[in-house]
Amino acid sequence: MNNDFQSWLTRFFEAYYRYYPVNATFIGDHRFDHRLPDYSAAGVAAMLDDAARLLKDASVIETRPLSAVERIDKRLAEGFLRIQQWELASPHFQRGNPSLYTGEAIFGVISLFLTDYAPLADRAAAAIARMHAIGALLDQGTHNVHEAPLAWTERALRECQGARAFLGAGIDKLAADIPALQPALRTAADAALAAFACYASYLTDTLRYAQTPAPVAGPEALDRLLREGHCLTQSADEILAYALAKMAEAEAYLTQHAADFGAADWREALAALADFHPTTADYLDRYDELWEQSRQLVRAADLLTWPDFPIEYTPQPQWAREAAPSLYFLFYRAPAAFNRPSVHRYLVTPIDDSLPEAEQQRRLRATNDSVIKLNHVVHHGGVGHHVQNWNAYQGASRIGQVAAVDCASRIAMFCGGTMAEGWACYATQLMAEHGFLTPLEMFGEVHGDLRMAARAVVDVRLHRGEISVEEAARFYAERTAMSDAAAHGEAVKNSMFPGAALMYLMGRDTILELRGDLQRTLGSRFNLKAFHDRFLSFGSIPVALAAATMREEMTHAE
């Protein structure tokens, strides 16, 4: 181990947690639970100064004595810092996105209550401090953001609405369990409510009338994200051509095979998935049943080592239910890398007899067997994200341990994306290969391929300035059958986070390519479980780096 580099990396993380305190809470470093980010001119200048200093110091660290893992961490940490420098100068983030401020402000508080990492009173005390700090953060948003795309302003307004719900009835529900802190919680929440009301007025009365088209990253920045974030070797042109070809392949299959299900077209065939759903009485049990079936299949087929990392499917807590629809409130958030409880709570849509019958049926059809199996079990709560996260937290790469932890509006570090989402999408295909899906569900997965490829197309075209957000939304609606609302939401998200939508397709297909190469080279010596266990051991680093290392290992083994 190179002590000089490890000392540098420790400094890197100290700066990271200090400048991104809400991320630190989600990751499990709780030294900064009382703080929110500082996007004042002085705060941004300090971030840039530290980034420049860290990059300068890294440039004189010799790479030759570093271990393979240390070389990866050095490359990724330097890439993070260069991307950070670009982001702090870009209108996509603190300079031009009003929802960055609302997201950090409200999830700075919510993050303290999602897991029981400490006594409730301790977490409430941190929440009180953060609620009192919300006014300063939102004032920075007012000072920094003078114009914005209307859709970004509308997202910030929705988050203000969610914040009002949480800081009102939500905080009161939480405070009921800690009577001694009720007055202080209510006082702090009222101060935060006033701050959100002031910010919402600014968004409504000023920023709505200072509209600007969604900014594009541009070819140079997009290339930086591909090279220094995802570590991909393909150019944006190559990714676009590949994604268009994958779209055409999926569309041809869907069109050709819709009749297999007695449907006039593939949209009609897919609509039938909603008919297969649990009853209200067995709704929650269905998650556990399908999760256990998936675990048994993985073990029977000897696909990988299933970790002892229990998950509990439980209805969304009462304190979150009114606020959640307006916020980036995930069913499954990556468990904290550090200081996490032994059982991770997966917060599902509540469906019970207290709801009107029509609403029960609407929710059951929306959360049908296919959605539970593919999204909530395989992709997120089982062999996909949950298993990958456990492996990441045991990994040797310090960057890989934390990069893919879900934070206020995105994962902790851009470089974790292709592994986190690529593996989860690969896991779905893996389970399909081993018989976990019905024929109609497998047909639905081809539709998933279509949507995944479409995201990559939009990502490249949008951030090279070739299409607008509105054109991207129409593309989604017309080519992938997303609802107008879903298509608009996806396009807006793509506009905010350049380079993030293509990580699903490129991550998954890089894994498939690697597996195919190793199978062909090793022949009868190829072992699928060993392949998966080794691949997952890298943690949340770019898939391209894990693949390159495994190819090198194979060459040396030969």
# chains A, B, ... in the order shown; residues from 1 in each chain; ligands from 1
>>> closest_atom_pairs(of="range 338-396 of chain A", to="range 429-444 of chain A", cutoff="10 Å", atoms="only C-alpha atoms", output="tab-separated table")
residue	atom	partner	partner_atom	distance
A:Asp369	CA	A:Glu441	CA	9.3
A:Ser370	CA	A:Glu441	CA	6.3
A:Val371	CA	A:Glu441	CA	9.4
A:Lys373	CA	A:Leu437	CA	8.4
A:Leu374	CA	A:Glu441	CA	8.5
A:Val378	CA	A:Met431	CA	7.8
A:His379	CA	A:Gln429	CA	9.9
A:Val383	CA	A:Met431	CA	8.8
A:Gly384	CA	A:Leu430	CA	9.9
>>> select_by_dssp(residues="range 127-364 of chain A", states="strand (DSSP E or B)", output="NGL selection string")
:A and (148 or 211 or 311-315 or 344-348)
>>> residues_around(residues="Asp406 in chain A", least_positions_apart="6", cutoff="10 Å", atoms="only C-alpha atoms", output="PyMOL selection string")
chain A and resi 23+26-27+330+332-336+412-413
>>> write_last_selection(atoms="C-alpha atoms", output="mmCIF file, in the first residue's frame")
data_model
loop_
_atom_site.group_PDB
_atom_site.id
_atom_site.type_symbol
_atom_site.label_atom_id
_atom_site.label_comp_id
_atom_site.auth_asym_id
_atom_site.auth_seq_id
_atom_site.Cartn_x
_atom_site.Cartn_y
_atom_site.Cartn_z
ATOM 1 C CA ASN A 23 -24.164 12.971 0.716
ATOM 2 C CA PHE A 26 -26.515 9.047 3.072
ATOM 3 C CA ILE A 27 -23.085 7.376 2.851
ATOM 4 C CA LEU A 330 -37.056 6.357 -3.755
ATOM 5 C CA TYR A 332 -35.034 1.603 -2.505
ATOM 6 C CA ARG A 333 -32.158 3.839 -1.537
ATOM 7 C CA ALA A 334 -28.760 2.263 -1.463
ATOM 8 C CA PRO A 335 -28.027 1.446 2.176
ATOM 9 C CA ALA A 336 -25.322 3.553 3.773
ATOM 10 C CA ALA A 412 -22.721 10.140 -4.709
ATOM 11 C CA MET A 413 -20.208 10.096 -7.576
#
>>> closest_residue(among="A:Leu157, A:Ala408, A:Val460, A:Leu450", to="Leu222 in chain A", atoms="only C-alpha atoms")
A:Val460
>>> atom_distance(atom1="CA of Asp50 in chain A", atom2="CA of Phe107 in chain A")
25.3 Å
>>> residues_around(residues="range 117-126 of chain A", least_positions_apart="6", cutoff="9 Å", atoms="only C-alpha atoms", output="list in words")
Gly28, Phe32, Asp33, His34, Arg35, Val109, Leu174, Ala175, Asp177, Ile178, Ala180, Leu181, Ala184, Leu185, Asn339, Arg340 and Pro341 of chain A
>>> write_last_selection(atoms="C-alpha atoms", output="mmCIF file, in the first residue's frame")
data_model
loop_
_atom_site.group_PDB
_atom_site.id
_atom_site.type_symbol
_atom_site.label_atom_id
_atom_site.label_comp_id
_atom_site.auth_asym_id
_atom_site.auth_seq_id
_atom_site.Cartn_x
_atom_site.Cartn_y
_atom_site.Cartn_z
ATOM 1 C CA GLY A 28 -22.961 6.882 6.619
ATOM 2 C CA PHE A 32 -21.624 16.644 9.301
ATOM 3 C CA ASP A 33 -25.259 15.748 9.997
ATOM 4 C CA HIS A 34 -25.921 19.249 11.332
ATOM 5 C CA ARG A 35 -24.759 20.985 8.139
ATOM 6 C CA VAL A 109 -33.567 16.577 6.856
ATOM 7 C CA LEU A 174 -41.960 12.161 13.907
ATOM 8 C CA ALA A 175 -41.981 14.502 16.905
ATOM 9 C CA ASP A 177 -42.139 9.868 19.480
ATOM 10 C CA ILE A 178 -39.801 12.377 21.152
ATOM 11 C CA ALA A 180 -38.990 16.454 24.840
ATOM 12 C CA LEU A 181 -37.902 17.755 21.427
ATOM 13 C CA ALA A 184 -37.665 22.636 19.200
ATOM 14 C CA LEU A 185 -38.600 20.516 16.178
ATOM 15 C CA ASN A 339 -22.780 2.652 10.035
ATOM 16 C CA ARG A 340 -25.813 1.002 8.479
ATOM 17 C CA PRO A 341 -28.498 -0.994 10.340
#
>>> atom_distance(atom1="CA of Ser90 in chain A", atom2="CA of Met496 in chain A")
10.8 Å
>>> select_by_dssp(residues="range 101-346 of chain A", states="alpha helix (DSSP H)", output="number ranges by chain")
A: 101-110, 120-144, 150-165, 171-175, 182-205, 219-224, 236-257, 266-271, 283-300, 318-321
>>> write_last_selection(atoms="C-alpha atoms", output="compact mmCIF listing (two decimals), in the first residue's frame")
# COMPACT_ATOMS: atom_id res chain seq x y z
CA TYR A 101 -31.25 23.83 -3.55
CA THR A 102 -34.69 22.41 -2.76
CA GLY A 103 -33.43 18.84 -3.07
CA GLU A 104 -30.44 19.32 -0.78
CA ALA A 105 -32.52 21.29 1.73
CA ILE A 106 -35.37 18.82 2.16
CA PHE A 107 -33.34 15.62 1.88
CA GLY A 108 -30.82 17.06 4.28
CA VAL A 109 -33.57 16.58 6.86
CA ILE A 110 -35.32 13.48 5.47
CA LEU A 120 -34.11 9.14 17.28
CA ALA A 121 -33.35 12.02 19.64
CA ASP A 122 -29.82 12.37 18.23
CA ARG A 123 -31.10 12.39 14.68
CA ALA A 124 -33.81 14.89 15.60
CA ALA A 125 -31.18 17.21 17.08
CA ALA A 126 -29.27 17.12 13.77
CA ALA A 127 -32.54 17.75 11.92
CA ILE A 128 -33.20 20.83 14.05
CA ALA A 129 -29.80 22.23 13.09
CA ARG A 130 -30.34 21.51 9.41
CA MET A 131 -33.85 22.98 9.38
CA HIS A 132 -32.47 26.20 10.82
CA ALA A 133 -29.83 26.20 8.04
CA ILE A 134 -32.37 25.83 5.21
CA GLY A 135 -32.99 29.56 4.97
CA ALA A 136 -29.35 30.30 4.21
CA LEU A 137 -29.15 27.57 1.55
CA LEU A 138 -32.33 28.69 -0.22
CA ASP A 139 -31.13 32.31 -0.07
CA GLN A 140 -28.04 31.13 -1.96
CA GLY A 141 -30.36 29.65 -4.58
CA THR A 142 -32.13 33.00 -4.96
CA HIS A 143 -28.79 34.79 -5.24
CA ASN A 144 -27.19 32.31 -7.68
CA LEU A 150 -39.23 26.40 -16.87
CA ALA A 151 -39.28 22.64 -16.25
CA TRP A 152 -36.44 22.96 -13.73
CA THR A 153 -38.29 25.76 -11.94
CA GLU A 154 -41.46 23.65 -11.88
CA ARG A 155 -39.55 20.74 -10.38
CA ALA A 156 -38.23 23.04 -7.66
CA LEU A 157 -41.78 24.23 -6.98
CA ARG A 158 -42.99 20.63 -6.65
CA GLU A 159 -40.20 20.02 -4.16
CA CYS A 160 -41.30 23.11 -2.22
CA GLN A 161 -44.75 21.51 -2.08
CA GLY A 162 -43.29 18.25 -0.80
CA ALA A 163 -41.23 20.17 1.73
CA ARG A 164 -44.35 21.88 3.06
CA ALA A 165 -46.00 18.50 3.59
CA ILE A 171 -42.41 16.50 11.34
CA ASP A 172 -45.35 16.41 13.75
CA LYS A 173 -45.67 12.64 13.26
CA LEU A 174 -41.96 12.16 13.91
CA ALA A 175 -41.98 14.50 16.91
CA GLN A 182 -41.36 18.57 20.07
CA PRO A 183 -41.16 22.34 20.69
CA ALA A 184 -37.66 22.64 19.20
CA LEU A 185 -38.60 20.52 16.18
CA ARG A 186 -41.73 22.57 15.55
CA THR A 187 -39.83 25.85 15.85
CA ALA A 188 -37.14 24.69 13.46
CA ALA A 189 -39.69 23.28 11.02
CA ASP A 190 -41.62 26.54 11.05
CA ALA A 191 -38.43 28.45 10.23
CA ALA A 192 -37.78 26.04 7.36
CA LEU A 193 -41.38 26.39 6.15
CA ALA A 194 -40.98 30.14 6.04
CA ALA A 195 -37.76 29.76 4.05
CA PHE A 196 -39.41 27.42 1.54
CA ALA A 197 -42.38 29.80 1.22
CA CYS A 198 -40.01 32.67 0.43
CA TYR A 199 -38.13 30.56 -2.12
CA ALA A 200 -41.38 29.38 -3.72
CA SER A 201 -42.45 33.02 -4.08
CA TYR A 202 -39.16 33.77 -5.85
CA LEU A 203 -39.64 30.79 -8.16
CA THR A 204 -43.25 31.75 -8.92
CA ASP A 205 -42.97 35.51 -9.18
CA PRO A 219 -19.46 17.80 -27.02
CA GLU A 220 -16.33 18.59 -24.99
CA ALA A 221 -18.02 18.21 -21.59
CA LEU A 222 -19.90 15.12 -22.74
CA ASP A 223 -16.61 13.58 -23.84
CA ARG A 224 -15.12 14.39 -20.41
CA ALA A 236 -20.41 9.82 -28.35
CA ASP A 237 -20.97 9.09 -32.05
CA GLU A 238 -20.32 5.39 -31.50
CA ILE A 239 -22.65 5.28 -28.48
CA LEU A 240 -25.39 7.02 -30.44
CA ALA A 241 -25.08 4.65 -33.41
CA TYR A 242 -25.06 1.64 -31.08
CA ALA A 243 -28.12 2.85 -29.18
CA LEU A 244 -30.07 3.51 -32.38
CA ALA A 245 -29.27 0.01 -33.59
CA LYS A 246 -30.43 -1.48 -30.27
CA MET A 247 -33.66 0.51 -30.53
CA ALA A 248 -34.30 -0.82 -34.03
CA GLU A 249 -33.61 -4.38 -32.86
CA ALA A 250 -36.03 -4.09 -29.93
CA GLU A 251 -38.74 -2.42 -32.02
CA ALA A 252 -38.53 -5.16 -34.66
CA TYR A 253 -38.88 -7.89 -32.03
CA LEU A 254 -41.81 -6.20 -30.30
CA THR A 255 -43.63 -5.67 -33.59
CA GLN A 256 -42.99 -9.22 -34.75
CA HIS A 257 -44.02 -10.97 -31.52
CA TRP A 266 -46.90 -4.45 -28.72
CA ARG A 267 -48.50 -1.65 -26.73
CA GLU A 268 -51.65 -3.69 -26.32
CA ALA A 269 -49.63 -6.77 -25.35
CA LEU A 270 -47.73 -4.89 -22.66
CA ALA A 271 -50.93 -3.41 -21.23
CA TYR A 283 -50.01 -7.36 -1.63
CA LEU A 284 -47.18 -6.91 0.88
CA ASP A 285 -46.54 -10.66 1.16
CA ARG A 286 -46.07 -10.80 -2.61
CA TYR A 287 -42.82 -8.84 -2.34
CA ASP A 288 -41.38 -11.29 0.18
CA GLU A 289 -42.62 -14.29 -1.81
CA LEU A 290 -41.01 -13.17 -5.07
CA TRP A 291 -37.84 -12.06 -3.29
CA GLU A 292 -37.45 -15.51 -1.73
CA GLN A 293 -38.14 -17.19 -5.09
CA SER A 294 -35.41 -15.11 -6.70
CA ARG A 295 -32.93 -15.97 -3.94
CA GLN A 296 -33.69 -19.68 -4.25
CA LEU A 297 -33.24 -19.56 -8.04
CA VAL A 298 -29.88 -17.80 -7.71
CA ARG A 299 -28.69 -20.42 -5.24
CA ALA A 300 -30.06 -23.38 -7.20
CA GLN A 318 -46.78 7.76 7.64
CA TRP A 319 -44.55 10.81 7.99
CA ALA A 320 -43.46 10.55 4.35
CA ARG A 321 -46.68 9.72 2.52
